[in-house]
Each structure stands twice: as C-alpha cells, then as structure tokens.
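*Asks:* Compact mmCIF, C-alpha atoms and all ligand atoms, file work08.txt:
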# COMPACT_ATOMS: atom_id res chain seq x y z
CA MET K 1048 31.42 -11.69 3.31
CA THR K 1049 28.58 -9.31 4.09
CA ARG K 1050 26.66 -7.91 1.13
CA LYS K 1051 25.33 -4.38 0.94
CA LEU K 1052 21.58 -4.30 0.23
CA ALA K 1053 19.98 -0.96 -0.63
CA LEU K 1054 16.29 -0.94 0.36
CA VAL K 1055 14.52 1.96 -1.38
CA VAL K 1056 11.28 3.32 0.07
CA GLY K 1057 9.34 6.47 -0.73
CA ALA K 1058 5.69 6.56 0.23
CA ARG K 1059 3.29 5.34 2.87
CA PRO K 1060 2.47 1.90 1.43
CA ASN K 1061 6.20 1.06 1.18
CA PHE K 1062 6.98 1.45 4.84
CA MET K 1063 4.99 -1.50 6.19
CA LYS K 1064 6.51 -3.70 3.49
CA ALA K 1065 10.12 -2.69 4.21
CA ALA K 1066 9.91 -2.75 8.02
CA PRO K 1067 9.68 -6.55 8.51
CA LEU K 1068 12.38 -7.18 5.90
CA ILE K 1069 14.91 -4.78 7.37
CA ARG K 1070 14.28 -6.23 10.83
CA GLU K 1071 14.91 -9.76 9.55
CA LEU K 1072 17.99 -8.77 7.52
CA ARG K 1073 19.55 -7.15 10.56
CA LYS K 1074 19.54 -10.52 12.33
CA PHE K 1075 22.27 -11.70 9.94
CA PRO K 1076 25.06 -9.09 9.93
CA GLU K 1077 27.50 -11.73 8.70
CA HIS K 1078 25.43 -11.99 5.49
CA PHE K 1079 23.88 -8.56 4.99
CA THR K 1080 24.47 -4.85 5.54
CA PRO K 1081 21.08 -3.23 4.83
CA VAL K 1082 21.07 0.43 3.83
CA LEU K 1083 17.70 2.19 3.98
CA ILE K 1084 17.11 4.92 1.40
CA HIS K 1085 14.04 7.20 1.64
CA THR K 1086 13.33 9.09 -1.57
CA GLY K 1087 11.08 11.62 0.20
CA GLN K 1088 8.15 11.03 -2.19
CA HIS K 1089 5.96 11.31 0.91
CA TYR K 1090 7.16 13.98 3.32
CA ASP K 1091 4.15 14.90 5.51
CA HIS K 1092 4.68 13.74 9.08
CA LYS K 1093 1.47 11.69 9.01
CA LEU K 1094 2.34 9.99 5.72
CA SER K 1095 5.97 9.27 6.54
CA LYS K 1096 7.81 9.86 9.84
CA LEU K 1097 4.92 8.64 11.97
CA PHE K 1098 5.06 5.31 10.12
CA PHE K 1099 8.78 4.94 10.78
CA ASP K 1100 8.14 5.52 14.48
CA GLU K 1101 5.15 3.18 14.75
CA LEU K 1102 6.79 0.41 12.74
CA ALA K 1103 10.00 0.83 14.77
CA MET K 1104 11.99 1.29 11.59
CA PRO K 1105 15.53 2.60 11.73
CA ARG K 1106 16.03 6.18 10.51
CA PRO K 1107 16.85 6.17 6.79
CA ASP K 1108 20.61 6.04 6.15
CA VAL K 1109 20.05 8.28 3.12
CA HIS K 1110 17.21 10.78 2.57
CA LEU K 1111 16.80 12.16 -0.95
CA ASP K 1112 14.10 14.75 -0.14
CA VAL K 1113 12.60 14.78 -3.64
CA GLY K 1114 9.02 15.74 -2.70
CA SER K 1115 6.05 16.04 -5.07
CA GLY K 1116 5.81 16.84 -8.78
CA THR K 1117 4.36 15.52 -12.01
CA HIS K 1118 5.10 11.85 -12.66
CA ALA K 1119 8.03 12.66 -14.94
CA GLU K 1120 9.43 15.29 -12.57
CA GLN K 1121 9.14 13.12 -9.50
CA THR K 1122 10.51 9.99 -11.18
CA ALA K 1123 13.37 11.92 -12.79
CA LYS K 1124 14.34 13.66 -9.55
CA ILE K 1125 14.47 10.33 -7.75
CA MET K 1126 16.52 8.78 -10.56
CA ILE K 1127 19.12 11.56 -10.54
CA ALA K 1128 19.50 11.49 -6.77
CA LEU K 1129 19.62 7.69 -6.60
CA GLU K 1130 22.18 7.42 -9.37
CA ASN K 1131 24.49 9.69 -7.39
CA THR K 1132 23.90 7.64 -4.25
CA PHE K 1133 24.60 4.31 -5.96
CA LEU K 1134 27.67 5.64 -7.76
CA ALA K 1135 29.12 6.99 -4.52
CA ASP K 1136 28.45 3.79 -2.62
CA ARG K 1137 27.57 0.88 -4.87
CA PRO K 1138 25.20 -1.70 -3.34
CA ASP K 1139 25.38 -5.41 -4.20
CA LEU K 1140 21.58 -5.57 -4.55
CA VAL K 1141 18.78 -3.01 -4.73
CA ILE K 1142 15.44 -4.01 -3.19
CA VAL K 1143 12.24 -2.18 -4.16
CA PHE K 1144 8.68 -2.57 -2.89
CA GLY K 1145 5.21 -2.28 -4.41
CA ASP K 1146 4.33 -0.03 -7.30
CA ILE K 1147 4.93 3.63 -6.54
CA ASN K 1148 7.02 6.09 -8.56
CA SER K 1149 9.99 5.57 -6.21
CA THR K 1150 9.87 1.84 -7.05
CA LEU K 1151 10.03 2.53 -10.78
CA ALA K 1152 12.78 5.12 -10.48
CA ALA K 1153 14.99 2.88 -8.36
CA ALA K 1154 14.44 -0.07 -10.71
CA ILE K 1155 15.55 1.88 -13.77
CA VAL K 1156 18.63 3.30 -12.04
CA ALA K 1157 19.71 -0.09 -10.68
CA ALA K 1158 19.20 -1.79 -14.04
CA LYS K 1159 21.22 0.86 -15.93
CA LEU K 1160 24.08 0.57 -13.44
CA CYS K 1161 23.93 -3.24 -13.77
CA ILE K 1162 23.17 -3.65 -10.07
CA PRO K 1163 21.02 -6.72 -9.36
CA LEU K 1164 17.42 -5.80 -8.52
CA ALA K 1165 14.85 -7.53 -6.33
CA HIS K 1166 11.14 -6.60 -6.34
CA VAL K 1167 8.97 -7.35 -3.34
CA GLU K 1168 5.29 -7.66 -4.41
CA ALA K 1169 6.04 -8.63 -7.99
CA GLY K 1170 3.57 -9.90 -10.58
CA LEU K 1171 0.43 -7.99 -9.62
CA ARG K 1172 -1.48 -6.69 -12.66
CA SER K 1173 -4.67 -4.66 -12.99
CA PHE K 1174 -4.34 -4.73 -16.81
CA ASP K 1175 -5.28 -1.05 -16.71
CA ASN K 1176 -2.51 1.17 -18.02
CA ALA K 1177 -4.45 4.29 -17.04
CA MET K 1178 -3.26 3.50 -13.52
CA PRO K 1179 0.22 4.91 -12.98
CA GLU K 1180 1.00 2.00 -10.65
CA GLU K 1181 0.39 -0.53 -13.44
CA ILE K 1182 3.14 1.03 -15.54
CA ASN K 1183 5.42 1.04 -12.51
CA ARG K 1184 4.71 -2.65 -11.89
CA ILE K 1185 5.29 -3.78 -15.47
CA VAL K 1186 8.59 -1.93 -15.89
CA THR K 1187 9.90 -2.88 -12.45
CA ASP K 1188 9.15 -6.57 -12.96
CA ARG K 1189 10.67 -6.57 -16.43
CA LEU K 1190 13.92 -5.21 -15.00
CA SER K 1191 14.05 -7.36 -11.85
CA ASP K 1192 16.43 -10.26 -11.33
CA ILE K 1193 14.64 -11.61 -8.26
CA LEU K 1194 10.82 -11.39 -8.07
CA PHE K 1195 9.05 -12.01 -4.77
CA VAL K 1196 5.37 -12.76 -5.39
CA SER K 1197 2.63 -12.13 -2.81
CA GLU K 1198 -0.32 -14.02 -4.31
CA LYS K 1199 -0.86 -16.78 -6.86
CA SER K 1200 -2.06 -14.48 -9.66
CA GLY K 1201 1.44 -12.97 -9.70
CA LEU K 1202 2.92 -16.33 -10.71
CA VAL K 1203 0.48 -16.65 -13.60
CA ASN K 1204 1.04 -13.08 -14.81
CA LEU K 1205 4.82 -13.34 -14.74
CA ARG K 1206 4.78 -16.67 -16.58
CA HIS K 1207 2.51 -15.19 -19.29
CA GLU K 1208 4.96 -12.33 -19.70
CA GLY K 1209 7.83 -14.76 -20.18
CA THR K 1210 9.66 -14.11 -16.91
CA PRO K 1211 12.00 -17.08 -16.34
CA ASP K 1212 10.61 -19.28 -13.52
CA GLU K 1213 13.97 -19.44 -11.75
CA ARG K 1214 13.77 -15.72 -10.96
CA VAL K 1215 10.33 -15.94 -9.37
CA TYR K 1216 9.63 -16.87 -5.72
CA PHE K 1217 6.18 -17.22 -4.17
CA VAL K 1218 6.82 -15.93 -0.64
CA GLY K 1219 3.42 -14.53 0.46
CA ASN K 1220 2.43 -11.06 1.47
CA ILE K 1221 4.98 -9.12 3.48
CA MET K 1222 2.46 -6.43 4.45
CA ILE K 1223 0.69 -9.11 6.47
CA ASP K 1224 3.92 -9.58 8.48
CA SER K 1225 3.51 -5.98 9.66
CA LEU K 1226 -0.21 -6.34 10.20
CA ALA K 1227 -0.01 -9.57 12.20
CA GLY K 1228 2.89 -8.21 14.24
CA ASN K 1229 1.11 -4.98 15.14
CA LEU K 1230 -2.48 -6.06 15.67
CA GLU K 1231 -2.13 -6.35 19.43
CA LYS K 1232 -0.46 -2.96 19.74
CA ALA K 1233 -3.17 -1.44 17.51
CA GLY K 1234 -5.75 -2.80 19.93
CA GLU K 1235 -4.43 -0.35 22.53
CA SER K 1236 -5.22 2.68 20.34
CA ASP K 1237 -7.94 4.94 21.73
CA ILE K 1238 -9.10 6.04 18.28
CA LEU K 1239 -12.62 4.63 18.73
CA SER K 1240 -13.31 6.39 22.02
CA ARG K 1241 -11.71 9.61 20.76
CA LEU K 1242 -14.07 9.62 17.79
CA GLU K 1243 -16.97 8.30 19.90
CA LEU K 1244 -17.42 5.29 17.63
CA GLU K 1245 -18.86 1.94 18.57
CA PRO K 1246 -17.38 -1.28 17.17
CA LYS K 1247 -19.21 -2.51 14.04
CA ARG K 1248 -21.38 0.63 13.93
CA TYR K 1249 -19.37 2.66 11.43
CA VAL K 1250 -17.76 2.43 8.00
CA ALA K 1251 -14.05 3.21 7.52
CA MET K 1252 -13.26 4.89 4.21
CA THR K 1253 -10.17 5.92 2.22
CA MET K 1254 -10.08 7.41 -1.28
CA HIS K 1255 -7.03 8.77 -3.09
CA ARG K 1256 -6.65 7.24 -6.57
CA PRO K 1257 -6.25 9.92 -9.25
CA ALA K 1258 -9.05 8.28 -11.31
CA ASN K 1259 -11.48 8.81 -8.40
CA VAL K 1260 -10.35 12.09 -6.90
CA ASP K 1261 -8.69 14.27 -9.55
CA ASN K 1262 -11.96 15.03 -11.37
CA PRO K 1263 -14.32 17.02 -9.09
CA GLU K 1264 -17.42 15.62 -10.80
CA VAL K 1265 -16.35 12.02 -10.20
CA LEU K 1266 -15.26 12.72 -6.62
CA GLY K 1267 -18.45 14.72 -5.96
CA ARG K 1268 -20.59 11.79 -7.10
CA ILE K 1269 -18.65 9.32 -4.95
CA LEU K 1270 -18.99 11.57 -1.88
CA GLU K 1271 -22.73 12.00 -2.52
CA THR K 1272 -23.07 8.19 -2.61
CA VAL K 1273 -21.04 7.89 0.59
CA ARG K 1274 -23.32 10.41 2.32
CA THR K 1275 -26.30 8.21 1.39
CA ILE K 1276 -24.53 5.25 3.04
CA GLY K 1277 -23.61 7.49 5.98
CA ARG K 1278 -27.25 8.21 6.72
CA ARG K 1279 -27.59 4.50 7.61
CA VAL K 1280 -24.14 3.89 9.12
CA PRO K 1281 -21.77 6.81 9.81
CA VAL K 1282 -18.68 6.95 7.61
CA VAL K 1283 -15.25 7.94 8.95
CA PHE K 1284 -12.82 9.13 6.28
CA PRO K 1285 -9.14 9.79 7.07
CA CYS K 1286 -8.36 11.85 4.01
CA HIS K 1287 -5.19 11.84 1.86
CA PRO K 1288 -3.83 15.36 1.14
CA ARG K 1289 -4.49 14.92 -2.60
CA THR K 1290 -8.20 14.25 -1.92
CA ARG K 1291 -8.57 16.96 0.74
CA LYS K 1292 -7.20 19.54 -1.66
CA MET K 1293 -9.86 18.62 -4.24
CA ILE K 1294 -12.65 18.64 -1.65
CA GLU K 1295 -11.60 22.05 -0.35
CA GLU K 1296 -11.04 23.68 -3.73
CA ASN K 1297 -14.39 22.46 -5.07
CA HIS K 1298 -16.45 22.56 -1.84
CA LEU K 1299 -17.39 18.91 -2.28
CA ALA K 1300 -18.15 18.07 1.35
CA ASP K 1301 -18.92 19.65 4.70
CA LEU K 1302 -15.63 19.40 6.58
CA ASN K 1303 -17.45 20.01 9.88
CA ASP K 1304 -19.89 17.11 9.47
CA THR K 1305 -19.32 14.79 12.45
CA LYS K 1306 -22.21 12.40 11.80
CA THR K 1307 -22.79 11.25 8.22
CA LEU K 1308 -19.42 11.62 6.50
CA ARG K 1309 -16.69 12.57 8.91
CA ILE K 1310 -13.50 13.77 7.21
CA LEU K 1311 -10.30 13.47 9.26
CA ASN K 1312 -6.61 14.06 8.69
CA PRO K 1313 -4.61 10.95 7.71
CA LEU K 1314 -4.17 8.52 10.61
CA GLY K 1315 -1.09 6.62 11.69
CA TYR K 1316 -0.60 2.94 10.94
CA LEU K 1317 -1.79 1.64 14.32
CA GLU K 1318 -4.81 3.91 14.54
CA PHE K 1319 -5.97 3.02 11.06
CA LEU K 1320 -5.43 -0.67 11.74
CA ARG K 1321 -7.70 -0.40 14.77
CA LEU K 1322 -10.26 1.64 12.80
CA GLN K 1323 -10.38 -1.01 10.06
CA SER K 1324 -10.50 -3.98 12.38
CA GLU K 1325 -13.51 -2.72 14.35
CA SER K 1326 -15.48 -1.36 11.40
CA GLN K 1327 -18.65 -2.86 9.96
CA PHE K 1328 -17.03 -2.59 6.55
CA VAL K 1329 -14.40 -0.64 4.64
CA LEU K 1330 -14.92 1.45 1.53
CA THR K 1331 -11.68 2.13 -0.34
CA ASP K 1332 -9.76 2.49 -3.57
CA SER K 1333 -6.43 1.51 -1.99
CA GLY K 1334 -4.55 -1.62 -3.01
CA GLY K 1335 -3.08 -2.45 0.38
CA ILE K 1336 -6.34 -2.02 2.26
CA GLN K 1337 -7.99 -4.68 0.08
CA GLU K 1338 -5.33 -7.02 1.44
CA GLU K 1339 -5.50 -5.86 5.05
CA THR K 1340 -9.30 -6.27 5.18
CA THR K 1341 -8.92 -9.73 3.65
CA TYR K 1342 -6.56 -10.74 6.45
CA LEU K 1343 -8.86 -9.14 9.05
CA ARG K 1344 -11.89 -10.77 7.37
CA ILE K 1345 -13.71 -7.44 7.33
CA PRO K 1346 -15.93 -6.85 4.26
CA CYS K 1347 -14.28 -4.45 1.83
CA LEU K 1348 -15.98 -2.56 -1.00
CA THR K 1349 -13.44 -1.42 -3.57
CA VAL K 1350 -14.51 1.63 -5.53
CA ARG K 1351 -12.59 0.75 -8.68
CA GLU K 1352 -13.34 -1.15 -11.88
CA ASN K 1353 -10.56 -3.70 -11.37
CA THR K 1354 -8.02 -5.00 -8.92
CA GLU K 1355 -4.44 -6.15 -9.30
CA ARG K 1356 -5.04 -8.27 -6.18
CA PRO K 1357 -7.66 -10.81 -7.38
CA SER K 1358 -7.08 -13.19 -4.45
CA THR K 1359 -8.76 -10.60 -2.20
CA VAL K 1360 -11.95 -11.14 -4.26
CA GLU K 1361 -11.60 -14.85 -5.07
CA VAL K 1362 -10.48 -15.89 -1.59
CA GLY K 1363 -10.87 -12.86 0.64
CA SER K 1364 -13.55 -10.39 1.75
CA ASN K 1365 -13.29 -7.92 -1.11
CA VAL K 1366 -16.03 -6.88 -3.57
CA ILE K 1367 -15.26 -4.71 -6.59
CA THR K 1368 -18.09 -2.18 -6.97
CA GLY K 1369 -16.77 0.17 -9.66
CA ILE K 1370 -17.71 3.82 -9.32
CA ASP K 1371 -21.36 3.58 -10.34
CA PRO K 1372 -23.43 4.93 -7.39
CA HIS K 1373 -26.10 2.20 -7.69
CA ARG K 1374 -23.54 -0.58 -7.53
CA ILE K 1375 -21.79 1.01 -4.55
CA LEU K 1376 -25.10 1.50 -2.72
CA ASN K 1377 -26.31 -2.04 -3.48
CA ALA K 1378 -23.07 -3.53 -2.22
CA ALA K 1379 -23.17 -1.37 0.93
CA GLU K 1380 -26.77 -2.33 1.65
CA GLN K 1381 -25.95 -6.00 1.38
CA VAL K 1382 -23.28 -5.64 4.06
CA ILE K 1383 -25.43 -3.43 6.28
CA ASP K 1384 -28.25 -5.99 6.00
CA GLY K 1385 -25.88 -8.67 7.32
CA ASN K 1386 -24.79 -10.27 4.04
CA GLY K 1387 -21.17 -9.08 4.03
CA LYS K 1388 -18.37 -11.30 2.85
CA SER K 1389 -15.82 -12.46 5.40
CA GLY K 1390 -13.81 -14.78 3.12
CA GLU K 1391 -10.65 -16.74 3.85
CA ILE K 1392 -6.99 -15.81 4.16
CA PRO K 1393 -4.90 -16.46 1.02
CA GLU K 1394 -1.99 -18.90 1.02
CA LEU K 1395 1.23 -17.76 2.76
CA TRP K 1396 -0.30 -14.61 4.21
CA ASP K 1397 0.95 -15.86 7.53
CA GLY K 1398 3.30 -13.24 8.95
CA HIS K 1399 6.48 -15.09 7.89
CA THR K 1400 7.15 -13.65 4.45
CA ALA K 1401 10.24 -11.68 5.52
CA VAL K 1402 11.82 -14.88 6.91
CA ARG K 1403 11.24 -16.63 3.57
CA ILE K 1404 12.69 -13.72 1.59
CA VAL K 1405 15.81 -13.57 3.74
CA GLU K 1406 16.39 -17.33 3.40
CA ILE K 1407 16.21 -16.96 -0.39
CA LEU K 1408 18.56 -13.95 -0.36
CA LYS K 1409 21.11 -15.88 1.71
CA ASN K 1410 21.35 -18.42 -1.09
CA GLN K 1411 21.71 -15.94 -3.95
CA THR K 1412 25.02 -15.42 -5.66
CA LEU K 1413 24.96 -11.75 -6.60
C1 LIG K 1501 1.32 7.53 -3.99
C2 LIG K 1501 1.41 6.31 -4.91
C3 LIG K 1501 0.18 5.44 -4.74
C4 LIG K 1501 -0.06 5.10 -3.29
C5 LIG K 1501 -0.13 6.38 -2.49
C6 LIG K 1501 -0.36 6.15 -1.02
C7 LIG K 1501 2.54 6.76 -7.06
C8 LIG K 1501 2.34 6.91 -8.51
N1 LIG K 1501 1.43 6.72 -6.33
O1 LIG K 1501 0.19 8.32 -4.42
O2 LIG K 1501 0.37 4.24 -5.46
O3 LIG K 1501 -1.26 4.38 -3.17
O4 LIG K 1501 1.11 7.10 -2.65
O5 LIG K 1501 -0.58 7.32 -0.33
O6 LIG K 1501 3.66 6.67 -6.61
N2 LIG K 1501 1.22 15.14 -0.89
C9 LIG K 1501 1.28 15.78 0.31
N3 LIG K 1501 2.17 15.32 1.25
C10 LIG K 1501 2.98 14.26 1.02
C11 LIG K 1501 2.92 13.63 -0.22
C12 LIG K 1501 2.03 14.06 -1.17
O7 LIG K 1501 0.58 16.74 0.57
O8 LIG K 1501 3.74 13.90 1.94
C13 LIG K 1501 0.24 15.60 -1.90
C14 LIG K 1501 0.86 16.55 -2.90
O9 LIG K 1501 -0.10 17.48 -3.27
C15 LIG K 1501 1.18 15.64 -4.08
C16 LIG K 1501 0.03 14.66 -4.03
O10 LIG K 1501 -0.23 14.49 -2.63
O11 LIG K 1501 1.28 16.33 -5.27
C17 LIG K 1501 0.32 13.33 -4.63
O12 LIG K 1501 1.46 12.73 -4.04
P1 LIG K 1501 2.27 11.61 -4.84
O13 LIG K 1501 3.42 11.12 -4.04
O14 LIG K 1501 2.56 12.08 -6.23
O15 LIG K 1501 1.21 10.43 -5.02
P2 LIG K 1501 0.08 9.85 -4.04
O16 LIG K 1501 -1.25 10.29 -4.52
O17 LIG K 1501 0.42 10.07 -2.61
Translate this structure into structure tokens?

*Replies:*
Amino acid sequence: MTRKLALVVGARPNFMKAAPLIRELRKFPEHFTPVLIHTGQHYDHKLSKLFFDELAMPRPDVHLDVGSGTHAEQTAKIMIALENTFLADRPDLVIVFGDINSTLAAAIVAAKLCIPLAHVEAGLRSFDNAMPEEINRIVTDRLSDILFVSEKSGLVNLRHEGTPDERVYFVGNIMIDSLAGNLEKAGESDILSRLELEPKRYVAMTMHRPANVDNPEVLGRILETVRTIGRRVPVVFPCHPRTRKMIEENHLADLNDTKTLRILNPLGYLEFLRLQSESQFVLTDSGGIQEETTYLRIPCLTVRENTERPSTVEVGSNVITGIDPHRILNAAEQVIDGNGKSGEIPELWDGHTAVRIVEILKNQTL
C-alpha cells in the first residue's frame, strides 16, 4: 500500500534539501505518494520560484501563501493553514527540513494531530537561543519520531538530550546531494563574465542573520570591515531583501559601487553555486553556505560567534570569526596571503543521502 508523505517547505534553504528527496521518493510509487506543500514563507521570485525551476522540483501540490510577519504571526499563520490541509487530507507522515519557521510550525501541527513526523537535518545545535533557528531546531527535534542527522555532532546532541537512539539515523547531508548533482550545470552559468570577475580574484559574500543585519550600527560596522577587505580583493554581495532594506533605510553602503563592495539582487541556486566555487573565499553568516564551501573546499569566514555545524570547522574549510572587525580582517588577510583553509569533506556528504533516507522510510511502520 502506498503511503502519503507530506513534505513541507517554506524558504530558500529548504528547497535544495527537499528536491533530492522528492525525486528519490517518486521512484517508488508503490511505496510512497509524496505531496509537496509550500507555506509561502518566501515568496519573491528569486527566493522561491527560481529555485523550484533550477532544481527541477515539481510545482507544489498545495501553496499556503502565508508571506512575512513577526515570528508569532508567521508561525501561527502557517499552523492554521497546515492544520486545515492535514485535516482535509491526512498524510501518513509529515517530513520537515532544516530550521526555519515553516519547519517549526509544521512540526507542532503534525505532533498535535498525532501524525508521525520526520526531520531532515536533525540534531544541529548552536546553543544560542537568541537565534530563532535554534528554538525551531530544539522544538522540532523534540517532537520528531524519525530524525535524520547530517553530521556527527547531531548524534551527540540528540543523545545528550535523551532522544531514543532507535529514532535517530545518521544519513549525511542532503544539501550536498543537490550541490553534487548541480555542480556541472552551475559551471555553465555566465555569472562571472557578466560581472566581469576573474576566478579566485574576488570574495563572495552573503549576510542576512537578524543578529548581524537588524541593528544598523552592527551592520554598518560589518560593511565597513568588508569595504576594507574589498580594497584588496573585490567583494560581490548578492543581498537578501531583509539586509537590502536596512542598507537602504540607513544609507549604509553605496549601491552603485561596482569595485570594492558590489551589492547585487539575490542570485539563483546555480549562479550562486558558480560564484562560490570560483571565489577566493566566502564571507557569510548563512548555515548552508558553511556546508557548501566545505564540500567545495573553498575557505569560508563565518561572521557569527558560533556554528550549529561544527564539522565545517573541525573537518571542513570554515573559520568562525565573530563580528569583531579585527578578527574578520585578520582572518581575511590570512586567506588573501595564501593561508586559507581547504579542509576535508565530512563523512557521508557524498550525494547519496536521499537514497539512504528513502531506504529507511521504506522499512518504517507508520
Ligand atoms: C529565513 C529563515 C532563515 C534562513 C533564511 C534564508 C526563519 C526564522 N528564518 O530568514 O533561517 O536562513 O530564511 O533566506 O525562518 N522577505 C522578502 N521576500 C521574501 C521573503 C522575505 O522580501 O520572499 C523579507 C521581508 O521583509 C521579511 C524578511 O525578508 O519580513 C524576513 O523574511 P523571513 O521569512 O521572516 O525570514 P528570513 O530572514 O528570510
């Protein structure tokens, strides 16, 4: 008998995690009927639809169109809409990804309706509750029946929290399935020539964490530091709408600068993959990019005080700089002077995580 699996996605970092899984599930129609639900947390073309197209994902079967709001508003809107969806058409299993508000909302609704819940990318912890994602991770894992772990630290964290071992599966990093599968296609992107960039002669940057961008003084100081780096190696910065709004409202950067710090609109998945893979190094506060640079073995400087993905530092190419300008500049100079970290690829980041997850799901009695 085929089982109905509801895969819930909402924002940019979810899409590359869901795409390989839905593709693999569709190979076994006798076992699974996947239903893709998009909450609409991200709605801009460049943050959402473009990713569906590039990742060759099927159109969502259900679109909840919730949009932006405060954390409580957004989470509550998703919960109300999802409860209706699940009551109208009850899935046998709900699958959630990562740590965004859509993940949390879907986890709570599934748990309250007593629908089994699986979490892909379980067990990551920054131990920093000021990060909204940390709260989302803790609650989602606590409520999950099946926990798919991407790196070894996740196993340790879940065991410390008392999660029964039989619920936890170390399957590797599903985002790497998307990356490995799309690297060749990304190589065809003309992003470098369009921006007149030469391989290894620029820095790729992203910055969107509330802790870094919601306070104009903090963001202003980070951008000033980045301009100092940019005078040695030009910095290219595809900018999240949240960050752009702050820059514009507070006049924190010259939006017409094409040399030192070049601010762009968000890029698609393939273009950004190409931009990362040819860069001298990456400067970011994203979680996923710490992992992508580790796989690509490109030095990554993470402008945060902690990471929930310690294998990227212990094994991979990541360095945590914090937000202190001197530490960021020192770390950047080390890479520019040829002492960047290239690291190794963590265990099971091999492009086959979706296959492992589907094998496990086949053997579950739900
Ligand atoms: C969300 C995730 C974060 C993830 C990031 C990737 C949470 C708590 N955070 O953060 O973990 O790293 O996505 O991008 O779920 N906006 C637009 N267009 C959109 C979506 C958002 O302009 O399509 C603007 C709105 O002003 C909105 C703000 O961005 O208020 C924040 O969006 P939101 O979905 O709340 O969180 P992100 O910062 O995108």

*Asks:* Please identify every residue of region 1308-1396 of chain K that has at least one atom no farther than 12 Å from an atom of region 1166-1175 of chain K, counting all atoms listed in the file, and for each give the shortest atom pair and the distance in Å to one decimal, arranged by chain then increasing number, as a Markdown table.

*Replies:*
| residue | atom | partner | partner_atom | distance |
| --- | --- | --- | --- | --- |
| K:Gly1334 | CA | K:Ser1173 | CA | 10.4 |
| K:Gly1335 | CA | K:Glu1168 | CA | 11.0 |
| K:Arg1351 | CA | K:Ser1173 | CA | 10.5 |
| K:Glu1352 | CA | K:Asp1175 | CA | 9.4 |
| K:Asn1353 | CA | K:Ser1173 | CA | 6.2 |
| K:Thr1354 | CA | K:Ser1173 | CA | 5.3 |
| K:Glu1355 | CA | K:Ser1173 | CA | 4.0 |
| K:Arg1356 | CA | K:Leu1171 | CA | 6.5 |
| K:Pro1357 | CA | K:Ser1173 | CA | 8.8 |
| K:Ser1358 | CA | K:Leu1171 | CA | 10.5 |

*Asks:* Kindly provide the residues of chain K that approach ligand LIG 1501 (chain K) to within 6 Å, each paired with its closest atom pair and their distance in Å to one decimal, based on all atoms listed in the file, listed by chain and increasing number, as a Markdown table.

*Replies:*
| residue | atom | partner | partner_atom | distance |
| --- | --- | --- | --- | --- |
| K:Ala1058 | CA | K:LIG1501 | O4 | 5.4 |
| K:Arg1059 | CA | K:LIG1501 | C6 | 5.4 |
| K:Pro1060 | CA | K:LIG1501 | C6 | 5.7 |
| K:Gln1088 | CA | K:LIG1501 | O13 | 5.1 |
| K:His1089 | CA | K:LIG1501 | O8 | 3.6 |
| K:Tyr1090 | CA | K:LIG1501 | O8 | 3.7 |
| K:Asp1091 | CA | K:LIG1501 | O8 | 3.7 |
| K:Leu1094 | CA | K:LIG1501 | O8 | 5.6 |
| K:Ser1115 | CA | K:LIG1501 | O11 | 4.8 |
| K:Gly1116 | CA | K:LIG1501 | O11 | 5.8 |
| K:Ile1147 | CA | K:LIG1501 | O6 | 3.3 |
| K:Asn1148 | CA | K:LIG1501 | O6 | 3.9 |
| K:Pro1179 | CA | K:LIG1501 | C8 | 5.3 |
| K:Glu1180 | CA | K:LIG1501 | C8 | 5.5 |
| K:Pro1288 | CA | K:LIG1501 | O7 | 4.7 |
| K:Arg1289 | CA | K:LIG1501 | O10 | 4.3 |

*Asks:* Can you work out which one of K:Ala1158, K:Val1280, K:Leu1322, K:Val1405 has the shortest atom-to-atom distance to Thr1307 (chain K), counting all atoms listed in the file?

*Replies:*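 Between K:Ala1158, K:Val1280, K:Leu1322, K:Val1405, the residue approaching Thr1307 (chain K) most closely is K:Val1280.
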
*Asks:* At what distance in Å, to one decimal, does CA of Pro1163 (chain K) lie from CA of Arg1050 (chain K)?

*Replies:* 12.0 Å

*Asks:* Show me, as a list in words, the residues that have an atom within 12 Å of region 1209-1211 of chain K when counting all atoms listed in the file, minus same-chain residues fewer than 5 positions from it.

*Replies:* Ala1169, Gly1170, Ile1185, Asp1188, Arg1189, Leu1190, Ser1191, Asp1192, Ile1193, Leu1194, Gly1201, Leu1202, Val1203, Asn1204 and Tyr1216 of chain K

*Asks:* Can you sort out region 1254-1258 of chain K so it carries all heavy atoms, written as a short mmCIF file (atom, residue, chain, number, x, y, z; two decimals), in the coordinates of the input?

*Replies:*
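Wrote rebuild.cif, looks like this:
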data_model
loop_
_atom_site.label_atom_id
_atom_site.label_comp_id
_atom_site.auth_asym_id
_atom_site.auth_seq_id
_atom_site.Cartn_x
_atom_site.Cartn_y
_atom_site.Cartn_z
N MET K 1254 -9.88 7.16 0.16
CA MET K 1254 -10.08 7.41 -1.28
C MET K 1254 -8.96 8.35 -1.75
O MET K 1254 -8.86 9.46 -1.26
CB MET K 1254 -11.45 8.09 -1.46
CG MET K 1254 -12.07 8.09 -2.83
SD MET K 1254 -12.56 6.48 -3.52
CE MET K 1254 -13.54 5.76 -2.21
N HIS K 1255 -8.10 7.88 -2.63
CA HIS K 1255 -7.03 8.77 -3.09
C HIS K 1255 -6.55 8.51 -4.50
O HIS K 1255 -5.66 9.20 -4.99
CB HIS K 1255 -5.83 8.70 -2.13
CG HIS K 1255 -5.06 7.41 -2.28
ND1 HIS K 1255 -5.47 6.24 -1.71
CD2 HIS K 1255 -3.92 7.13 -2.96
CE1 HIS K 1255 -4.61 5.28 -2.02
NE2 HIS K 1255 -3.67 5.79 -2.78
N ARG K 1256 -7.12 7.52 -5.20
CA ARG K 1256 -6.65 7.24 -6.57
C ARG K 1256 -6.96 8.41 -7.48
O ARG K 1256 -8.10 8.91 -7.48
CB ARG K 1256 -7.35 6.03 -7.15
CG ARG K 1256 -7.09 4.78 -6.48
CD ARG K 1256 -6.24 3.82 -7.29
NE ARG K 1256 -5.57 2.99 -6.32
CZ ARG K 1256 -4.31 3.08 -5.99
NH1 ARG K 1256 -3.51 3.91 -6.61
NH2 ARG K 1256 -3.80 2.33 -5.05
N PRO K 1257 -5.99 8.83 -8.30
CA PRO K 1257 -6.25 9.92 -9.25
C PRO K 1257 -7.55 9.73 -10.04
O PRO K 1257 -8.32 10.68 -10.20
CB PRO K 1257 -5.03 9.87 -10.18
CG PRO K 1257 -3.95 9.24 -9.36
CD PRO K 1257 -4.62 8.33 -8.37
N ALA K 1258 -7.84 8.50 -10.49
CA ALA K 1258 -9.05 8.28 -11.31
C ALA K 1258 -10.32 8.63 -10.53
O ALA K 1258 -11.33 8.99 -11.12
CB ALA K 1258 -9.10 6.82 -11.76
#
